[in-house]
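Asker: Here's a structure for you.
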Amino acid sequence: MSLEATIDASIVIGGVTKMFGTVRALDEIDLELGPGVTGLLGPNGSGKSTLLKLVSGQLRPDTGQVRVFGLDPFAQPEVFARLGLCPEQDKFYEELSGEAFVIALARLHGFAAKEARERAHHALARVGMSEHMRKPIRAMSRGMRQRTKIAQAIAHDPPVVLLDEPLTGTDPVGRADLIALVRTLGQEGRCVVVSSHVLHEVEAMTHQVVLVRYGRLRAQGDIGRLRALLDDRPYRFRVQVAAPRELAAALVVLPHVRAAEVMGADALEVTTTDLMALCRALPGEATRLGLVIEQLGSPDADLESLYRYLIE
Amino acid sequence: MSAASYWAGFHLVRNLKRRGTLVWVIGVPLVGAIMRLGFEVPRDVVGQLVLVYLVPLMALAFGGGVLREEVEDQTLTYGFTRPVDRAQLYAARLFAAAGPVLIATVPAAMLAASGGVHALRLVLAAVLGTAAHAALFGLWGLLMRRPTWLGLAYVLVWEQSLQNVPGWLSNVTLRAHIRNVAQLDAPGLGLLGSADAGPWWASGLILLVVAGVSLVAAGMIVRRRELVLSR
């Protein structure tokens, strides 16, 4: 891949491999990311954080190159005037208030005291922390700490924002607010990269995803396309019910059901090629048999299954 | 104010707010004053204790783990993902670490002054001694995980052993040059005079060179090293 960025690409990663001892954390990654939100998806240990550490200059690739606006983030710190990072770790200068923390880091961008304060206040307001910004960080909830961490990443108004697992530890309301903020940052034309191992979280923020597993790029593009790939595959669905044999017998005759396997005394696993059709048929069949569905779930609803399907 | 100097001030204030630092900053001058005024310990002995022992040991304690502390606290990312040269950020952190050493030892060293000019020499010796030791131990801290034992061995074994060796070998120690700049002799401590260390300004220059070379070498390492935060 040419390291000359295309017109819209803010981040260009070309042939990047990163080893930790004998472990290949990233293997020949080629990627270009431009404006908008991109979800960096992968299970824990897949290489997402390593990729973000390379883009944020914390690590240096063993082979290949990383460029942000044409600059090497490891060797050219000036790139950080245009790049903000919300790191994964929940670590701070604990004795400071959220306000003091964000101001201090804004000052490192060369802003004078007054401007740094204004920028910090603005960033803290954007993450909904105005009310709590004078609280010592050590006394903050995990959600507040996450917000403060995001505030320091956006206080200098960077066109590239890297958010490593930003929703970790947030409550549902806080999560919704942060998802809205991420979407807004993307709509403002920034290149926002959000890493997560939770598919639905990323789906709520963006349709553009990059899938990483075992340090390799598995897929990239619109999440709808990936979903469609899933839809073409048999999908497993687990139903907990008092009489699984009866329900299995009723379901297995449906045209889209490939198999219905009884799993113990109170559960069955249905394999279907049309998940929506199964979801429509299931309540009716259960009612007809006088059964109460106690629990529904899918072992295929997680990222692992998505990877499995994509790799198969 | 440059971003790096702001960072130095920021961390200096953080350091000074720590209880452990305050004990040193208040305790060292206080103990010096008690020794000097309460027990009438000779000026030179107080000066030697402060400049020859406390300066290196405090520099080791404060400067030896300049970045290690932030690596272990996992806060290094915040500073190192700003548009500032990492070497400058390292120098800022080193300055912040050296600050408490100076704040503690300069007043204590002044207790050994026999006059205005001598007081200036003592201050200069404290500043240069702190700079040389903090930069040297800071460099060691980048090269090894735990520089404390090596640092203690350096101060208490290497320098202690060589200081009484006649001839040029005693000048291989930093303390010989600190004493020369400070114009101190303390026969009561078993220390020889510093007459053979050459002119005092040359000793000052040597301390400055040690500080400068260590700082530059550390800066080069910091620029090339990956940030691997402990988990």
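Convention: chains lettered A, B, ... in structure tokens order; per-chain residue numbering from 1; ligands numbered from 1 as shown.
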Would you list which chain A residues are within 7 Å of chain B using only C-alpha atoms, as a compact mmCIF listing (two decimals) with C-alpha atoms, in the first residue's frame?

Answerer:
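Written file, out.txt:
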# COMPACT_ATOMS: atom_id res chain seq x y z
CA SER A 56 -0.87 7.20 18.89
CA GLN A 58 3.23 4.77 21.95
CA LEU A 59 4.65 1.86 20.00
CA ARG A 60 6.78 1.65 16.89
CA PRO A 77 5.25 14.56 18.34
CA GLU A 78 3.88 17.60 16.48
CA VAL A 79 1.23 15.24 15.14
CA PHE A 80 -0.40 15.27 18.58
CA ALA A 81 -1.59 18.82 18.00
CA LYS A 91 -5.37 5.85 35.37
CA PHE A 92 -5.05 9.52 36.24
CA ARG A 107 -1.42 23.47 28.75
CA LEU A 108 0.91 20.83 27.31
CA HIS A 109 -0.48 21.76 23.91
CA GLY A 110 0.98 25.19 24.44

Asker: Taking 2 positions as the minimum chain separation for residues in the same chain, which residues sit within 12 Å of Leu16 in chain B when counting only C-alpha atoms? Answer as number ranges by chain.

Answerer: B: 9-14, 18-26, 62, 96-104

Asker: Mind pulling up the distance from CA of Arg218 in chain A to CA of Val198 in chain A?

Answerer: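 Separation between CA of Val198 in chain A and CA of Arg218 in chain A: 16.2 Å.
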
Asker: Any idea what the distance is between CA of Ala100 in chain A and CA of Leu83 in chain A?

Answerer: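 Result for CA of Ala100 in chain A versus CA of Leu83 in chain A: 20.7 Å, one decimal.
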
Asker: Between CA of Gly219 in chain B and CA of His177 in chain B, what is the distance, to one decimal in Å?

Answerer: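 That distance, rounded to one decimal, is 24.7 Å.
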
Asker: DSSP on the backbone: which residues in range 160-300 of chain A end up as alpha helix (DSSP H)? Give the answer as a VMD selection string.

Answerer: chain A and resid 172 to 187 199 to 205 223 to 231 244 to 251 275 to 288

Asker: Please produce a file of the residues just selected, as a short mmCIF file (atom, residue, chain, number, x, y, z; two decimals), in the first residue's frame, where the atoms kept are N, CA and C atoms.

Answerer:
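That gives us selection-v4.cif:
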data_model
loop_
_atom_site.label_atom_id
_atom_site.label_comp_id
_atom_site.auth_asym_id
_atom_site.auth_seq_id
_atom_site.Cartn_x
_atom_site.Cartn_y
_atom_site.Cartn_z
N PRO A 172 -25.88 2.96 31.80
CA PRO A 172 -26.64 3.04 30.54
C PRO A 172 -26.88 4.46 30.04
N VAL A 173 -27.20 5.38 30.96
CA VAL A 173 -27.46 6.76 30.54
C VAL A 173 -26.16 7.40 30.03
N GLY A 174 -25.12 7.20 30.82
CA GLY A 174 -23.81 7.73 30.41
C GLY A 174 -23.37 7.16 29.08
N ARG A 175 -23.65 5.87 28.87
CA ARG A 175 -23.26 5.21 27.64
C ARG A 175 -24.00 5.84 26.45
N ALA A 176 -25.27 6.09 26.64
CA ALA A 176 -26.06 6.71 25.56
C ALA A 176 -25.51 8.10 25.24
N ASP A 177 -25.16 8.85 26.29
CA ASP A 177 -24.61 10.20 26.07
C ASP A 177 -23.28 10.14 25.31
N LEU A 178 -22.44 9.19 25.72
CA LEU A 178 -21.13 9.09 25.07
C LEU A 178 -21.26 8.61 23.62
N ILE A 179 -22.19 7.71 23.41
CA ILE A 179 -22.43 7.26 22.03
C ILE A 179 -22.86 8.44 21.16
N ALA A 180 -23.75 9.27 21.73
CA ALA A 180 -24.21 10.46 20.99
C ALA A 180 -23.03 11.40 20.73
N LEU A 181 -22.17 11.55 21.73
CA LEU A 181 -21.00 12.43 21.56
C LEU A 181 -20.08 11.91 20.45
N VAL A 182 -19.84 10.61 20.46
CA VAL A 182 -18.96 10.03 19.43
C VAL A 182 -19.55 10.25 18.05
N ARG A 183 -20.85 10.06 17.94
CA ARG A 183 -21.50 10.28 16.64
C ARG A 183 -21.36 11.73 16.21
N THR A 184 -21.53 12.64 17.18
CA THR A 184 -21.41 14.07 16.85
C THR A 184 -19.98 14.40 16.41
N LEU A 185 -19.01 13.83 17.10
CA LEU A 185 -17.61 14.08 16.71
C LEU A 185 -17.37 13.62 15.27
N GLY A 186 -17.97 12.50 14.92
CA GLY A 186 -17.84 12.01 13.55
C GLY A 186 -18.56 12.91 12.56
N GLN A 187 -19.74 13.37 12.95
CA GLN A 187 -20.51 14.25 12.06
C GLN A 187 -19.81 15.59 11.84
N LEU A 199 -20.14 -5.57 20.03
CA LEU A 199 -20.64 -5.26 18.69
C LEU A 199 -21.76 -4.22 18.72
N HIS A 200 -22.72 -4.40 19.61
CA HIS A 200 -23.87 -3.49 19.58
C HIS A 200 -23.50 -2.07 20.00
N GLU A 201 -22.46 -1.95 20.84
CA GLU A 201 -22.00 -0.61 21.21
C GLU A 201 -21.46 0.11 19.99
N VAL A 202 -20.63 -0.59 19.26
CA VAL A 202 -20.03 0.02 18.07
C VAL A 202 -21.11 0.29 17.03
N GLU A 203 -22.04 -0.62 16.92
CA GLU A 203 -23.12 -0.47 15.94
C GLU A 203 -23.94 0.78 16.21
N ALA A 204 -24.04 1.13 17.52
CA ALA A 204 -24.80 2.33 17.87
C ALA A 204 -24.05 3.60 17.50
N MET A 205 -22.75 3.50 17.30
CA MET A 205 -21.95 4.69 17.01
C MET A 205 -21.69 4.87 15.52
N ILE A 223 -21.12 -2.15 8.38
CA ILE A 223 -21.55 -3.20 9.30
C ILE A 223 -22.76 -3.95 8.74
N GLY A 224 -23.57 -3.28 7.90
CA GLY A 224 -24.71 -3.92 7.27
C GLY A 224 -24.27 -5.06 6.37
N ARG A 225 -23.16 -4.82 5.68
CA ARG A 225 -22.63 -5.86 4.79
C ARG A 225 -22.20 -7.08 5.59
N LEU A 226 -21.58 -6.77 6.74
CA LEU A 226 -21.13 -7.87 7.60
C LEU A 226 -22.32 -8.62 8.18
N ARG A 227 -23.34 -7.84 8.51
CA ARG A 227 -24.57 -8.46 9.00
C ARG A 227 -25.16 -9.39 7.93
N ALA A 228 -25.12 -8.90 6.69
CA ALA A 228 -25.67 -9.69 5.60
C ALA A 228 -24.90 -11.00 5.46
N LEU A 229 -23.61 -10.90 5.66
CA LEU A 229 -22.79 -12.12 5.64
C LEU A 229 -23.29 -13.10 6.70
N LEU A 230 -23.63 -12.51 7.84
CA LEU A 230 -24.14 -13.35 8.93
C LEU A 230 -25.48 -13.97 8.55
N ASP A 231 -26.32 -13.14 7.90
CA ASP A 231 -27.67 -13.61 7.56
C ASP A 231 -27.63 -14.78 6.59
N PRO A 244 -38.95 -28.90 25.98
CA PRO A 244 -38.19 -28.60 24.76
C PRO A 244 -38.44 -29.58 23.61
N ARG A 245 -38.77 -30.85 23.91
CA ARG A 245 -38.98 -31.83 22.83
C ARG A 245 -40.18 -31.44 21.96
N GLU A 246 -41.28 -31.03 22.64
CA GLU A 246 -42.48 -30.66 21.90
C GLU A 246 -42.22 -29.44 21.01
N LEU A 247 -41.56 -28.48 21.59
CA LEU A 247 -41.28 -27.26 20.81
C LEU A 247 -40.33 -27.57 19.65
N ALA A 248 -39.33 -28.43 19.91
CA ALA A 248 -38.39 -28.81 18.85
C ALA A 248 -39.12 -29.48 17.69
N ALA A 249 -40.05 -30.35 18.04
CA ALA A 249 -40.81 -31.05 16.99
C ALA A 249 -41.63 -30.07 16.16
N ALA A 250 -42.16 -29.06 16.82
CA ALA A 250 -42.96 -28.07 16.10
C ALA A 250 -42.10 -27.17 15.21
N LEU A 251 -40.93 -26.88 15.68
CA LEU A 251 -40.07 -25.93 14.94
C LEU A 251 -39.33 -26.58 13.78
N LEU A 275 -33.25 -15.77 10.78
CA LEU A 275 -33.45 -15.47 12.20
C LEU A 275 -34.78 -14.74 12.43
N MET A 276 -35.10 -13.78 11.56
CA MET A 276 -36.31 -12.99 11.75
C MET A 276 -37.56 -13.88 11.64
N ALA A 277 -37.53 -14.80 10.68
CA ALA A 277 -38.68 -15.69 10.52
C ALA A 277 -38.84 -16.56 11.76
N LEU A 278 -37.74 -17.00 12.31
CA LEU A 278 -37.81 -17.81 13.53
C LEU A 278 -38.38 -16.99 14.67
N CYS A 279 -37.93 -15.75 14.78
CA CYS A 279 -38.42 -14.89 15.86
C CYS A 279 -39.92 -14.63 15.72
N ARG A 280 -40.39 -14.58 14.47
CA ARG A 280 -41.82 -14.37 14.26
C ARG A 280 -42.61 -15.65 14.60
N ALA A 281 -42.04 -16.80 14.27
CA ALA A 281 -42.77 -18.06 14.43
C ALA A 281 -42.76 -18.57 15.87
N LEU A 282 -41.70 -18.29 16.58
CA LEU A 282 -41.49 -18.89 17.89
C LEU A 282 -42.62 -18.61 18.90
N PRO A 283 -43.03 -17.35 19.08
CA PRO A 283 -44.09 -17.11 20.08
C PRO A 283 -45.37 -17.86 19.73
N GLY A 284 -45.72 -17.90 18.45
CA GLY A 284 -46.95 -18.58 18.03
C GLY A 284 -46.91 -20.07 18.33
N GLU A 285 -45.80 -20.69 18.01
CA GLU A 285 -45.67 -22.13 18.25
C GLU A 285 -45.71 -22.43 19.75
N ALA A 286 -45.06 -21.60 20.52
CA ALA A 286 -45.04 -21.81 21.98
C ALA A 286 -46.44 -21.66 22.54
N THR A 287 -47.16 -20.65 22.09
CA THR A 287 -48.53 -20.43 22.58
C THR A 287 -49.43 -21.61 22.20
N ARG A 288 -49.26 -22.06 20.94
CA ARG A 288 -50.07 -23.19 20.47
C ARG A 288 -49.86 -24.42 21.34
#

Asker: Please determine, counting only C-alpha atoms, which residue among A:Pro159, A:Gly221, A:Gly297, A:Pro255 has the shortest atom-to-atom distance to Gly39 in chain A.

Answerer: A:Gly221

Asker: Neighbours of Asp72 in chain A within 9 Å (only C-alpha atoms; same-chain residues fewer than 6 positions away dropped), as a short mmCIF file (atom, residue, chain, number, x, y, z; two decimals) with C-alpha atoms, in the first residue's frame?

Answerer:
data_model
loop_
_atom_site.label_atom_id
_atom_site.label_comp_id
_atom_site.auth_asym_id
_atom_site.auth_seq_id
_atom_site.Cartn_x
_atom_site.Cartn_y
_atom_site.Cartn_z
CA VAL A 55 -1.37 5.15 15.72
CA GLY A 57 2.91 6.81 18.79
CA GLN A 65 4.68 2.37 8.62
CA VAL A 66 2.01 4.36 10.39
CA VAL A 79 1.23 15.24 15.14
#

Asker: Env of range 203-215 of chain B: 12 Å cut, atoms = only C-alpha atoms, seq-sep filter 3 positions within chain, self excluded. Answer as an NGL selection string.

Answerer: :B and (63 or 87-95 or 98 or 121-143 or 171-183 or 194-200 or 218-222)

Asker: Can you write just those residues out, C-alpha atoms, as a PDB file, in the first residue's frame?

Answerer:
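Saved result, out.pdb, follows:
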ATOM      1  CA  GLY B  63      15.513  11.223  40.254  1.00  0.00           C
ATOM      2  CA  ALA B  87      13.241  14.464  25.644  1.00  0.00           C
ATOM      3  CA  GLN B  88      11.933  17.848  26.792  1.00  0.00           C
ATOM      4  CA  LEU B  89       9.197  16.169  28.791  1.00  0.00           C
ATOM      5  CA  TYR B  90      11.784  13.916  30.392  1.00  0.00           C
ATOM      6  CA  ALA B  91      13.955  16.936  31.263  1.00  0.00           C
ATOM      7  CA  ALA B  92      10.887  18.624  32.739  1.00  0.00           C
ATOM      8  CA  ARG B  93      10.147  15.603  34.903  1.00  0.00           C
ATOM      9  CA  LEU B  94      13.782  15.443  35.995  1.00  0.00           C
ATOM     10  CA  PHE B  95      13.693  19.108  36.970  1.00  0.00           C
ATOM     11  CA  ALA B  98      15.374  17.636  41.437  1.00  0.00           C
ATOM     12  CA  ARG B 121      29.795  28.435  46.570  1.00  0.00           C
ATOM     13  CA  LEU B 122      27.713  26.142  48.767  1.00  0.00           C
ATOM     14  CA  VAL B 123      24.568  26.955  46.811  1.00  0.00           C
ATOM     15  CA  LEU B 124      26.408  26.354  43.543  1.00  0.00           C
ATOM     16  CA  ALA B 125      27.735  23.030  44.854  1.00  0.00           C
ATOM     17  CA  ALA B 126      24.225  21.965  45.883  1.00  0.00           C
ATOM     18  CA  VAL B 127      22.779  22.950  42.503  1.00  0.00           C
ATOM     19  CA  LEU B 128      25.513  21.322  40.417  1.00  0.00           C
ATOM     20  CA  GLY B 129      25.707  18.261  42.666  1.00  0.00           C
ATOM     21  CA  THR B 130      21.956  17.774  42.469  1.00  0.00           C
ATOM     22  CA  ALA B 131      21.954  18.270  38.699  1.00  0.00           C
ATOM     23  CA  ALA B 132      24.789  15.791  38.122  1.00  0.00           C
ATOM     24  CA  HIS B 133      23.424  13.121  40.447  1.00  0.00           C
ATOM     25  CA  ALA B 134      19.769  13.469  39.398  1.00  0.00           C
ATOM     26  CA  ALA B 135      20.678  13.330  35.699  1.00  0.00           C
ATOM     27  CA  LEU B 136      22.999  10.367  36.235  1.00  0.00           C
ATOM     28  CA  PHE B 137      20.528   8.404  38.339  1.00  0.00           C
ATOM     29  CA  GLY B 138      17.706   9.388  35.997  1.00  0.00           C
ATOM     30  CA  LEU B 139      19.691   7.844  33.147  1.00  0.00           C
ATOM     31  CA  TRP B 140      20.271   4.696  35.188  1.00  0.00           C
ATOM     32  CA  GLY B 141      16.565   4.582  35.881  1.00  0.00           C
ATOM     33  CA  LEU B 142      15.953   4.398  32.139  1.00  0.00           C
ATOM     34  CA  LEU B 143      18.553   1.706  31.642  1.00  0.00           C
ATOM     35  CA  ASN B 171      38.728  12.851  41.393  1.00  0.00           C
ATOM     36  CA  VAL B 172      36.789  10.148  39.578  1.00  0.00           C
ATOM     37  CA  THR B 173      34.067  10.690  42.162  1.00  0.00           C
ATOM     38  CA  LEU B 174      31.382  13.349  41.897  1.00  0.00           C
ATOM     39  CA  ARG B 175      31.693  14.122  45.589  1.00  0.00           C
ATOM     40  CA  ALA B 176      35.300  15.274  45.191  1.00  0.00           C
ATOM     41  CA  HIS B 177      34.106  17.916  42.774  1.00  0.00           C
ATOM     42  CA  ILE B 178      31.151  18.916  44.911  1.00  0.00           C
ATOM     43  CA  ARG B 179      33.498  19.404  47.858  1.00  0.00           C
ATOM     44  CA  ASN B 180      35.883  21.349  45.685  1.00  0.00           C
ATOM     45  CA  VAL B 181      33.163  23.702  44.490  1.00  0.00           C
ATOM     46  CA  ALA B 182      31.818  24.025  48.039  1.00  0.00           C
ATOM     47  CA  GLN B 183      35.310  24.574  49.457  1.00  0.00           C
ATOM     48  CA  SER B 194      39.974  18.731  48.025  1.00  0.00           C
ATOM     49  CA  ALA B 195      43.151  20.522  47.107  1.00  0.00           C
ATOM     50  CA  ASP B 196      44.107  17.986  44.436  1.00  0.00           C
ATOM     51  CA  ALA B 197      40.803  18.271  42.553  1.00  0.00           C
ATOM     52  CA  GLY B 198      42.066  21.264  40.604  1.00  0.00           C
ATOM     53  CA  PRO B 199      40.474  24.695  40.382  1.00  0.00           C
ATOM     54  CA  TRP B 200      36.928  24.851  41.769  1.00  0.00           C
ATOM     55  CA  ALA B 218      18.555   9.944  28.594  1.00  0.00           C
ATOM     56  CA  GLY B 219      16.758  12.173  26.104  1.00  0.00           C
ATOM     57  CA  MET B 220      17.974  10.004  23.224  1.00  0.00           C
ATOM     58  CA  ILE B 221      16.744   6.874  24.992  1.00  0.00           C
ATOM     59  CA  VAL B 222      13.370   8.398  25.766  1.00  0.00           C
TER      60      VAL B 222
END

Asker: With only C-alpha atoms as the counted atoms, please give the residues lying no more than 7 Å from His256 in chain A, apart from itself and same-chain residues fewer than 5 positions off, as an mmCIF file with C-alpha atoms, in the first residue's frame.

Answerer:
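After the write, result-v7.cif holds the following:
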data_model
loop_
_atom_site.group_PDB
_atom_site.id
_atom_site.type_symbol
_atom_site.label_atom_id
_atom_site.label_comp_id
_atom_site.auth_asym_id
_atom_site.auth_seq_id
_atom_site.Cartn_x
_atom_site.Cartn_y
_atom_site.Cartn_z
ATOM 1 C CA THR A 272 -32.059 -21.390 11.316
ATOM 2 C CA THR A 273 -31.198 -19.672 8.050
ATOM 3 C CA ASP A 274 -33.689 -16.868 8.721
#

Asker: Based on DSSP run over this structure's backbone, return all residues of range 74-280 of chain A in strand (DSSP E), as a ChimeraX atom specification.

Answerer: /A:83-86,160-164,191-196,208-213,216-222,235-241,257-262,267-272

Asker: Atoms to include: N, CA and C atoms. Write the selected residues as a CSV table (one decimal), in the first residue's frame.

Answerer:
chain,number,residue,atom,x,y,z
A,83,LEU,N,-4.2,15.2,17.1
A,83,LEU,CA,-4.6,13.9,17.5
A,83,LEU,C,-4.9,13.8,19.0
A,84,GLY,N,-6.0,13.3,19.3
A,84,GLY,CA,-6.4,13.2,20.7
A,84,GLY,C,-6.6,11.7,21.1
A,85,LEU,N,-6.1,11.3,22.2
A,85,LEU,CA,-6.2,9.9,22.6
A,85,LEU,C,-6.9,9.7,23.9
A,86,CYS,N,-7.9,8.9,24.0
A,86,CYS,CA,-8.5,8.4,25.2
A,86,CYS,C,-7.9,7.0,25.5
A,160,VAL,N,-8.4,14.2,14.6
A,160,VAL,CA,-8.3,12.7,14.8
A,160,VAL,C,-8.5,12.4,16.3
A,161,VAL,N,-9.4,11.6,16.6
A,161,VAL,CA,-9.7,11.2,18.0
A,161,VAL,C,-9.7,9.7,18.1
A,162,LEU,N,-8.8,9.2,18.9
A,162,LEU,CA,-8.7,7.7,19.2
A,162,LEU,C,-9.3,7.4,20.5
A,163,LEU,N,-10.3,6.5,20.6
A,163,LEU,CA,-11.0,6.2,21.8
A,163,LEU,C,-10.8,4.7,22.1
A,164,ASP,N,-10.1,4.3,23.1
A,164,ASP,CA,-9.8,2.9,23.3
A,164,ASP,C,-10.8,2.5,24.4
A,191,CYS,N,-12.0,12.3,12.2
A,191,CYS,CA,-11.7,10.9,12.0
A,191,CYS,C,-11.7,10.3,13.4
A,192,VAL,N,-12.7,9.6,13.8
A,192,VAL,CA,-12.8,9.0,15.1
A,192,VAL,C,-12.7,7.5,15.1
A,193,VAL,N,-11.8,7.0,15.8
A,193,VAL,CA,-11.6,5.5,15.8
A,193,VAL,C,-12.0,5.1,17.2
A,194,VAL,N,-12.9,4.2,17.3
A,194,VAL,CA,-13.4,3.7,18.6
A,194,VAL,C,-13.2,2.2,18.7
A,195,SER,N,-12.4,1.8,19.6
A,195,SER,CA,-12.2,0.3,19.8
A,195,SER,C,-13.2,-0.2,20.8
A,196,SER,N,-13.6,-1.4,20.5
A,196,SER,CA,-14.6,-2.1,21.4
A,196,SER,C,-14.6,-3.6,21.1
A,208,GLN,N,-19.4,2.0,10.0
A,208,GLN,CA,-18.1,1.6,9.5
A,208,GLN,C,-17.2,0.9,10.5
A,209,VAL,N,-16.9,-0.4,10.2
A,209,VAL,CA,-16.1,-1.1,11.2
A,209,VAL,C,-14.9,-1.8,10.5
A,210,VAL,N,-14.0,-2.0,11.4
A,210,VAL,CA,-12.8,-2.8,11.0
A,210,VAL,C,-12.7,-3.9,12.0
A,211,LEU,N,-12.6,-5.1,11.5
A,211,LEU,CA,-12.6,-6.3,12.4
A,211,LEU,C,-11.2,-6.8,12.5
A,212,VAL,N,-10.7,-7.0,13.7
A,212,VAL,CA,-9.3,-7.5,13.9
A,212,VAL,C,-9.4,-8.8,14.7
A,213,ARG,N,-8.7,-9.8,14.3
A,213,ARG,CA,-8.6,-11.0,15.2
A,213,ARG,C,-7.2,-11.6,15.0
A,216,ARG,N,-4.8,-9.8,12.9
A,216,ARG,CA,-5.0,-9.7,11.4
A,216,ARG,C,-6.3,-9.0,11.1
A,217,LEU,N,-6.3,-8.2,10.0
A,217,LEU,CA,-7.5,-7.6,9.6
A,217,LEU,C,-8.4,-8.6,9.0
A,218,ARG,N,-9.6,-8.8,9.6
A,218,ARG,CA,-10.5,-9.8,9.1
A,218,ARG,C,-11.5,-9.3,8.1
A,219,ALA,N,-11.9,-8.1,8.4
A,219,ALA,CA,-12.9,-7.5,7.5
A,219,ALA,C,-13.0,-6.0,7.7
A,220,GLN,N,-13.4,-5.2,6.7
A,220,GLN,CA,-13.5,-3.8,6.9
A,220,GLN,C,-14.7,-3.3,6.0
A,221,GLY,N,-15.4,-2.4,6.5
A,221,GLY,CA,-16.5,-1.9,5.7
A,221,GLY,C,-17.8,-1.6,6.5
A,222,ASP,N,-18.9,-1.6,5.8
A,222,ASP,CA,-20.1,-1.3,6.4
A,222,ASP,C,-20.7,-2.5,7.2
A,235,TYR,N,-27.9,-19.7,11.7
A,235,TYR,CA,-27.8,-18.9,13.0
A,235,TYR,C,-28.4,-19.8,14.1
A,236,ARG,N,-27.7,-19.9,15.2
A,236,ARG,CA,-28.1,-20.7,16.3
A,236,ARG,C,-28.9,-19.9,17.3
A,237,PHE,N,-29.9,-20.4,17.9
A,237,PHE,CA,-30.8,-19.7,18.8
A,237,PHE,C,-31.1,-20.6,19.9
A,238,ARG,N,-30.9,-20.2,21.2
A,238,ARG,CA,-31.2,-21.1,22.3
A,238,ARG,C,-32.5,-20.7,23.0
A,239,VAL,N,-33.3,-21.6,23.2
A,239,VAL,CA,-34.6,-21.4,23.9
A,239,VAL,C,-34.7,-22.2,25.1
A,240,GLN,N,-35.1,-21.5,26.2
A,240,GLN,CA,-35.3,-22.2,27.5
A,240,GLN,C,-36.8,-22.3,27.7
A,241,VAL,N,-37.2,-23.6,27.8
A,241,VAL,CA,-38.7,-23.8,27.9
A,241,VAL,C,-38.9,-25.1,28.7
A,257,VAL,N,-35.9,-23.7,9.3
A,257,VAL,CA,-35.2,-24.3,10.5
A,257,VAL,C,-34.4,-25.5,10.0
A,258,ARG,N,-33.1,-25.5,10.2
A,258,ARG,CA,-32.3,-26.6,9.7
A,258,ARG,C,-32.2,-27.7,10.7
A,259,ALA,N,-32.2,-27.3,12.0
A,259,ALA,CA,-32.1,-28.3,13.1
A,259,ALA,C,-32.7,-27.8,14.3
A,260,ALA,N,-33.2,-28.7,15.2
A,260,ALA,CA,-33.7,-28.3,16.5
A,260,ALA,C,-33.2,-29.4,17.5
A,261,GLU,N,-32.2,-29.0,18.3
A,261,GLU,CA,-31.5,-30.0,19.1
A,261,GLU,C,-31.9,-29.7,20.6
A,262,VAL,N,-32.4,-30.8,21.2
A,262,VAL,CA,-32.7,-30.7,22.7
A,262,VAL,C,-31.5,-30.6,23.5
A,267,ALA,N,-34.1,-27.0,27.7
A,267,ALA,CA,-33.6,-26.1,26.6
A,267,ALA,C,-33.5,-26.8,25.3
A,268,LEU,N,-33.5,-26.0,24.3
A,268,LEU,CA,-33.2,-26.5,22.9
A,268,LEU,C,-32.5,-25.4,22.2
A,269,GLU,N,-31.7,-25.9,21.2
A,269,GLU,CA,-31.0,-25.0,20.3
A,269,GLU,C,-31.4,-25.2,18.9
A,270,VAL,N,-31.9,-24.1,18.3
A,270,VAL,CA,-32.5,-24.1,17.0
A,270,VAL,C,-31.5,-23.5,16.0
A,271,THR,N,-31.2,-24.2,14.9
A,271,THR,CA,-30.4,-23.6,13.9
A,271,THR,C,-31.3,-23.2,12.7
A,272,THR,N,-31.2,-21.9,12.3
A,272,THR,CA,-32.1,-21.4,11.3
A,272,THR,C,-31.3,-20.6,10.3
